[in-house]
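This is my_file_25.cif. It holds mmCIF, C-alpha atoms and all ligand atoms.
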```cif
data_model
#
loop_
_atom_site.label_atom_id
_atom_site.label_comp_id
_atom_site.auth_asym_id
_atom_site.auth_seq_id
_atom_site.Cartn_x
_atom_site.Cartn_y
_atom_site.Cartn_z
CA MET C 21 -13.21 12.92 -7.55
CA VAL C 22 -10.67 13.02 -4.77
CA SER C 23 -7.59 14.91 -5.93
CA PRO C 24 -4.39 13.55 -4.49
CA ASP C 25 -2.40 15.60 -2.05
CA ILE C 26 0.89 15.25 -3.94
CA ARG C 27 4.12 15.39 -1.99
CA VAL C 28 7.26 15.34 -4.10
CA PHE C 29 10.72 14.61 -2.69
CA PRO C 30 14.20 14.47 -4.12
CA PRO C 31 14.89 10.80 -4.96
CA ALA C 32 17.45 10.48 -2.18
CA GLN C 33 14.90 11.69 0.37
CA LEU C 34 11.86 9.60 -0.50
CA THR C 35 12.76 6.78 1.89
CA ALA C 36 13.31 9.07 4.86
CA ALA C 37 10.20 11.06 4.06
CA GLY C 38 8.03 7.98 3.60
CA ALA C 39 9.23 6.49 6.88
CA ALA C 40 8.65 9.77 8.71
CA VAL C 41 5.15 10.21 7.30
CA LEU C 42 4.10 6.66 8.15
CA ALA C 43 5.62 6.69 11.62
CA ALA C 44 3.92 10.00 12.42
CA ALA C 45 0.57 8.79 11.09
CA ILE C 46 0.73 5.61 13.19
CA GLU C 47 1.76 7.54 16.27
CA GLU C 48 -1.06 10.03 15.85
CA LEU C 49 -3.69 7.30 15.46
CA VAL C 50 -2.41 5.35 18.44
CA ALA C 51 -2.25 8.50 20.57
CA SER C 52 -5.80 9.45 19.72
CA ARG C 53 -7.51 6.10 20.04
CA GLY C 54 -5.07 3.47 21.24
CA TRP C 55 -4.52 1.35 18.12
CA CYS C 56 -4.42 1.40 14.35
CA ARG C 57 -4.86 -0.93 11.39
CA ILE C 58 -2.50 -0.62 8.48
CA ALA C 59 -1.92 -2.48 5.23
CA LEU C 60 1.56 -2.57 3.74
CA ALA C 61 2.64 -2.89 0.12
CA GLY C 62 5.05 -5.30 -1.51
CA GLY C 63 7.54 -4.22 -4.14
CA SER C 64 10.99 -2.69 -4.05
CA THR C 65 10.08 0.94 -3.28
CA PRO C 66 8.73 0.47 0.25
CA LYS C 67 11.39 -2.01 1.37
CA PRO C 68 13.96 0.61 2.43
CA ILE C 69 11.15 2.50 4.15
CA TYR C 70 10.36 -0.56 6.25
CA GLU C 71 14.05 -0.99 7.04
CA ARG C 72 14.30 2.60 8.10
CA MET C 73 11.26 2.37 10.34
CA VAL C 74 13.01 -0.31 12.38
CA GLY C 75 15.14 2.34 14.01
CA MET C 76 12.27 4.73 14.67
CA SER C 77 10.03 5.11 17.65
CA VAL C 78 6.74 3.60 16.50
CA PRO C 79 4.15 2.10 18.90
CA TRP C 80 4.18 -1.25 17.08
CA THR C 81 2.48 -3.16 19.89
CA LYS C 82 -0.68 -1.18 19.09
CA VAL C 83 -0.58 -1.83 15.36
CA GLU C 84 -2.60 -4.44 13.50
CA LEU C 85 -0.59 -5.20 10.38
CA PHE C 86 -2.25 -6.33 7.15
CA PHE C 87 -1.03 -6.73 3.57
CA GLY C 88 -2.37 -5.08 0.43
CA ASP C 89 -1.69 -8.13 -1.70
CA GLU C 90 0.16 -11.42 -1.89
CA ARG C 91 1.48 -13.77 -4.49
CA LEU C 92 0.28 -17.38 -4.37
CA VAL C 93 3.46 -18.68 -2.79
CA GLY C 94 4.36 -19.85 0.69
CA PRO C 95 5.46 -17.43 3.41
CA GLY C 96 9.15 -18.32 2.99
CA ASP C 97 9.24 -17.92 -0.78
CA PRO C 98 11.46 -15.12 -2.11
CA ALA C 99 8.45 -13.81 -4.09
CA SER C 100 6.28 -13.51 -0.98
CA ASN C 101 5.36 -9.99 0.11
CA TYR C 102 5.04 -11.27 3.65
CA ALA C 103 8.61 -12.64 3.52
CA MET C 104 9.92 -9.26 2.35
CA VAL C 105 8.09 -7.33 5.07
CA LYS C 106 9.08 -9.90 7.67
CA ARG C 107 12.78 -9.67 6.81
CA SER C 108 12.87 -5.91 6.51
CA LEU C 109 10.56 -4.95 9.37
CA ILE C 110 8.62 -7.53 11.38
CA ASP C 111 11.68 -9.52 12.51
CA HIS C 112 13.17 -6.38 14.05
CA ILE C 113 10.27 -4.70 15.81
CA ASP C 114 8.25 -5.29 18.91
CA ILE C 115 4.98 -6.39 17.34
CA PRO C 116 3.03 -9.33 18.79
CA SER C 117 2.70 -12.12 16.22
CA ARG C 118 -1.07 -12.11 16.75
CA ASN C 119 -1.10 -8.56 15.30
CA VAL C 120 0.49 -9.65 12.02
CA HIS C 121 -2.16 -10.78 9.55
CA ARG C 122 -0.63 -12.29 6.46
CA ILE C 123 -2.45 -13.48 3.36
CA ARG C 124 -1.97 -17.24 3.26
CA GLY C 125 -0.39 -17.61 -0.17
CA GLU C 126 0.21 -21.30 0.40
CA LEU C 127 -3.55 -21.98 0.13
CA PRO C 128 -5.58 -22.23 -3.06
CA ALA C 129 -6.32 -18.65 -4.15
CA ASP C 130 -10.04 -18.58 -3.43
CA GLU C 131 -9.53 -20.07 0.01
CA ALA C 132 -6.78 -17.57 0.81
CA ALA C 133 -9.01 -14.69 -0.34
CA ARG C 134 -11.97 -15.92 1.67
CA ALA C 135 -9.88 -16.41 4.79
CA TYR C 136 -8.37 -12.95 4.45
CA ALA C 137 -11.74 -11.27 3.97
CA GLU C 138 -12.89 -12.93 7.20
CA LEU C 139 -9.79 -11.81 9.03
CA LEU C 140 -10.17 -8.27 7.77
CA GLY C 141 -13.80 -8.12 8.78
CA ASN C 142 -15.87 -5.02 8.29
CA ALA C 143 -13.69 -2.53 10.13
CA SER C 144 -11.85 -0.26 7.73
CA LEU C 145 -8.10 0.18 7.53
CA ASP C 146 -6.64 3.38 8.91
CA ILE C 147 -3.69 3.40 6.54
CA ALA C 148 -3.21 1.67 3.19
CA LEU C 149 0.30 1.99 1.80
CA LEU C 150 0.35 1.13 -1.88
CA GLY C 151 2.74 1.19 -4.79
CA MET C 152 2.16 1.57 -8.51
CA GLY C 153 3.62 -0.54 -11.30
CA ASP C 154 4.59 1.07 -14.59
CA ASP C 155 1.40 -0.31 -16.14
CA GLY C 156 -0.67 1.58 -13.54
CA HIS C 157 -1.48 -1.43 -11.35
CA THR C 158 -1.72 -1.05 -7.63
CA ALA C 159 -1.72 -3.79 -4.99
CA SER C 160 -2.44 -6.76 -7.31
CA LEU C 161 -5.20 -4.99 -9.23
CA PHE C 162 -4.06 -4.96 -12.85
CA PRO C 163 -5.38 -2.85 -15.72
CA GLU C 164 -7.78 -4.34 -18.22
CA THR C 165 -8.71 -7.30 -16.10
CA ALA C 166 -12.12 -8.07 -14.72
CA ASP C 167 -10.40 -8.70 -11.37
CA MET C 168 -10.18 -5.06 -10.45
CA ASP C 169 -13.89 -4.49 -10.79
CA ALA C 170 -14.73 -7.14 -8.25
CA THR C 171 -16.55 -5.59 -5.34
CA ASP C 172 -15.18 -8.11 -2.87
CA LEU C 173 -13.17 -6.96 0.12
CA VAL C 174 -10.44 -9.32 -1.05
CA SER C 175 -10.19 -10.82 -4.54
CA VAL C 176 -8.31 -13.48 -6.42
CA THR C 177 -6.47 -11.60 -9.17
CA HIS C 178 -4.10 -12.37 -12.02
CA SER C 179 -0.83 -10.68 -12.82
CA PRO C 180 0.48 -10.48 -16.38
CA MET C 181 3.88 -11.44 -14.98
CA PRO C 182 4.86 -14.21 -12.58
CA PRO C 183 3.85 -15.16 -10.00
CA TYR C 184 0.58 -15.00 -11.94
CA GLU C 185 -1.90 -15.85 -9.24
CA ARG C 186 -2.46 -13.19 -6.61
CA VAL C 187 -4.76 -12.29 -3.78
CA SER C 188 -5.41 -8.59 -3.39
CA LEU C 189 -7.44 -6.23 -1.30
CA GLY C 190 -10.16 -4.94 -3.58
CA LEU C 191 -10.87 -1.29 -4.41
CA ARG C 192 -13.80 -1.41 -2.02
CA THR C 193 -11.47 -2.14 0.91
CA LEU C 194 -8.72 0.23 -0.22
CA ASN C 195 -11.12 3.11 -0.79
CA ARG C 196 -12.58 2.73 2.68
CA ALA C 197 -9.17 3.36 4.28
CA GLY C 198 -8.64 6.45 6.42
CA THR C 199 -5.59 7.44 4.39
CA VAL C 200 -4.36 5.90 1.17
CA TYR C 201 -0.68 6.58 0.51
CA LEU C 202 0.53 5.93 -3.02
CA LEU C 203 4.31 5.57 -3.08
CA VAL C 204 5.97 5.95 -6.48
CA ALA C 205 9.61 6.39 -7.46
CA GLY C 206 11.62 6.57 -10.65
CA ALA C 207 11.50 8.16 -14.09
CA ALA C 208 10.21 4.92 -15.62
CA LYS C 209 6.86 5.58 -13.94
CA ALA C 210 6.55 9.30 -14.75
CA VAL C 211 4.44 8.94 -17.89
CA ARG C 212 2.02 6.49 -16.29
CA LEU C 213 1.72 8.59 -13.17
CA ALA C 214 0.96 11.65 -15.27
CA GLU C 215 -1.74 9.60 -17.02
CA VAL C 216 -3.20 8.62 -13.65
CA ARG C 217 -3.32 12.29 -12.70
CA VAL C 218 -5.04 13.26 -15.93
CA GLN C 219 -7.61 10.49 -15.50
CA ILE C 220 -8.45 11.69 -11.99
CA ALA C 221 -8.60 15.32 -13.07
CA SER C 222 -10.92 14.47 -15.95
CA GLY C 223 -13.24 12.51 -13.69
CA ALA C 224 -12.73 9.30 -15.68
CA PRO C 225 -10.33 7.11 -13.72
CA VAL C 226 -9.60 3.87 -15.52
CA LEU C 227 -6.20 2.67 -14.40
CA PRO C 228 -6.21 0.90 -11.03
CA ALA C 229 -3.97 3.56 -9.45
CA ALA C 230 -6.40 6.26 -10.63
CA ARG C 231 -9.27 4.37 -9.06
CA LEU C 232 -7.79 4.82 -5.61
CA GLN C 233 -10.48 7.26 -4.58
CA PRO C 234 -11.12 7.13 -0.84
CA GLU C 235 -14.80 7.42 0.03
CA THR C 236 -14.23 9.68 3.02
CA GLY C 237 -10.50 9.35 3.71
CA ARG C 238 -7.45 11.13 2.35
CA LEU C 239 -5.38 10.35 -0.72
CA ILE C 240 -1.71 11.23 -0.40
CA TRP C 241 0.89 10.57 -3.05
CA LEU C 242 4.45 10.23 -1.81
CA ILE C 243 6.54 10.42 -4.94
CA ASP C 244 10.03 11.36 -5.98
CA SER C 245 10.86 14.08 -8.46
CA ASP C 246 11.82 11.50 -11.10
CA ALA C 247 8.35 9.96 -11.00
CA ALA C 248 6.76 13.41 -10.80
CA GLY C 249 8.39 14.57 -14.04
CA ALA C 250 8.72 18.25 -14.74
CA ASP C 251 5.07 19.20 -14.97
CA ILE C 252 4.09 19.01 -11.33
CA SER C 253 7.06 20.73 -9.77
CA ALA C 254 4.72 23.57 -8.78
CA THR C 255 3.09 21.32 -6.23
CA THR C 256 6.39 20.24 -4.73
CA LYS C 257 6.53 20.12 -0.98
CA THR C 258 9.83 19.55 0.70
CA MET C 259 10.52 17.63 3.86
CA LYS C 260 10.32 20.88 5.80
CA ASN C 261 6.57 21.22 5.31
CA LEU C 262 5.82 17.57 5.30
CA ARG C 263 2.94 17.66 7.72
C1 LIG M 1 3.49 -6.24 -5.34
C2 LIG M 1 2.83 -4.95 -5.05
C3 LIG M 1 2.70 -4.03 -6.22
C4 LIG M 1 3.81 -2.99 -6.12
C5 LIG M 1 4.05 -2.29 -7.43
C6 LIG M 1 5.22 -1.35 -7.37
O1 LIG M 1 3.12 -7.22 -4.76
O2 LIG M 1 4.43 -6.23 -6.15
O3 LIG M 1 2.17 -4.76 -3.92
O4 LIG M 1 1.46 -3.39 -6.34
O5 LIG M 1 3.54 -2.08 -5.11
O6 LIG M 1 4.28 -3.26 -8.43
O7 LIG M 1 6.37 -2.10 -7.10
P1 LIG M 1 7.80 -1.45 -6.98
O8 LIG M 1 7.84 -0.67 -5.72
O9 LIG M 1 8.73 -2.63 -6.96
O10 LIG M 1 7.99 -0.61 -8.20
#
```
I need this file expressed as structure tokens, please.
Amino acid sequence: MVSPDIRVFPPAQLTAAGAAVLAAAIEELVASRGWCRIALAGGSTPKPIYERMVGMSVPWTKVELFFGDERLVGPGDPASNYAMVKRSLIDHIDIPSRNVHRIRGELPADEAARAYAELLGNASLDIALLGMGDDGHTASLFPETADMDATDLVSVTHSPMPPYERVSLGLRTLNRAGTVYLLVAGAAKAVRLAEVRVQIASGAPVLPAARLQPETGRLIWLIDSDAAGADISATTKTMKNLR
């Protein structure tokens, strides 16, 4: 089992810390080999991170941008992950449009999944930024569904809440990433996150977030102290020793 490197921040600092960690990781990859491939998450937690990254020095022209999951809606729909990332980040940075690879939620799900798997190809992602729902889902891989066991690079999945139809990177793709960052905030997720930790520690990961187990890469949790709860304060790292 890969134990997460858990980095806990005061709630008011998670956005700044997340943006700093991601920007530094991108910069390091680009400096060492000229480009990097990242997948971004939907959801409310990363949005302020994307907004914050707009003002930072990040070599965006060298970044290939993918998405961890998408809802089966068009690219302008308020529920679209692409629309959220576009508004908060893409519209404000210097990234060539050919480097932005969205999941085509306007297509029938299986076609969108097939097209995305082709686009992704066999090269692994350098960075996968993911969130966790309070049921333990990550990307659009939901607990107790057959979807999450699919070994496809990209799968059609089903959410228990609308929009129901999703397309998600599969565990196979996520676990081949160079670094998987799991971003979690808020007391409402503390119990589930503790459960994820216990499942990993016991060697029996069941929840999708617990099954983020990079094959050779790193697993880093970026979480706030509310989501961490009291029990893992011993592992707290502050922004000072972030890297
Ligand atoms: C999505 C996601 C999903 C998300 C979690 C956490 O499309 O909604 O990619 O996996 O990351 O549900 O979302 P919050 O950050 O809003 O809690």
TODO: Check the smallest atom-to-atom distance from each of C:Gly198, C:Gly75, C:Pro30, C:Pro66 to C:Ala143 using all atoms listed in the file, then report the winner.
DONE: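 That would be C:Gly198, the residue with the smallest distance to C:Ala143.
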Task: Among listed residues C:Ala40, C:Val174, C:Ala132, C:Met76, nearest C:Gly88 (using all atoms listed in the file) - done: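 For C:Gly88, the nearest of the given residues is C:Val174.
You can rank C:Leu145, C:Ile243, C:Ala230, C:Val218 by their closest distance to C:Leu161 using only C-alpha atoms, and at the top of that list sits C:Ala230.
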Task: Within-6 Å residues of ligand LIG 1 (chain M), basis only C-alpha atoms and all ligand atoms, as a ChimeraX atom specification - done: /C:61-65,89-90,150-153,158-160
Task: Distance query stretch 244-247 of chain C at most 10 Å, only C-alpha atoms, self and fewer than 2 positions along chain excluded, as number ranges by chain - done: C: 27-35, 203-214, 241-242, 249-250, 252-253, 256
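With atom CA of C:Phe87 on one side and atom CA of C:Ala221 on the other, the separation reads 28.6 Å.
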Provide an axis-aligned box for all listed atoms of stretch 22-28 of chain C, padding each side by 3 Å; report its centre and its edge lengths in Å to one decimal, as JSON.
```
{"center_x": -1.7, "center_y": 14.3, "center_z": -4.0, "size_x": 23.9, "size_y": 8.6, "size_z": 9.9}
```
Task: Counting only C-alpha atoms, the residue of C:Leu232, C:Ile123, C:Ile147, C:Leu227 that sits nearest C:Ser188 - done: C:Ile123
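Counting all atoms listed in the file and comparing C:Leu194, C:Val226, C:Ile26, C:Ala133, the residue that lies closest to C:Val176 is C:Ala133.
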- [ ] For each of C:Thr199, C:Gln233, C:Thr193, C:Ser175, take the minimum atom-to-atom distance to C:Asp146, counting all atoms listed in the file, then give the residue where this is smallest.
- [x]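 Of the candidates, the smallest distance to C:Asp146 is held by C:Thr199.
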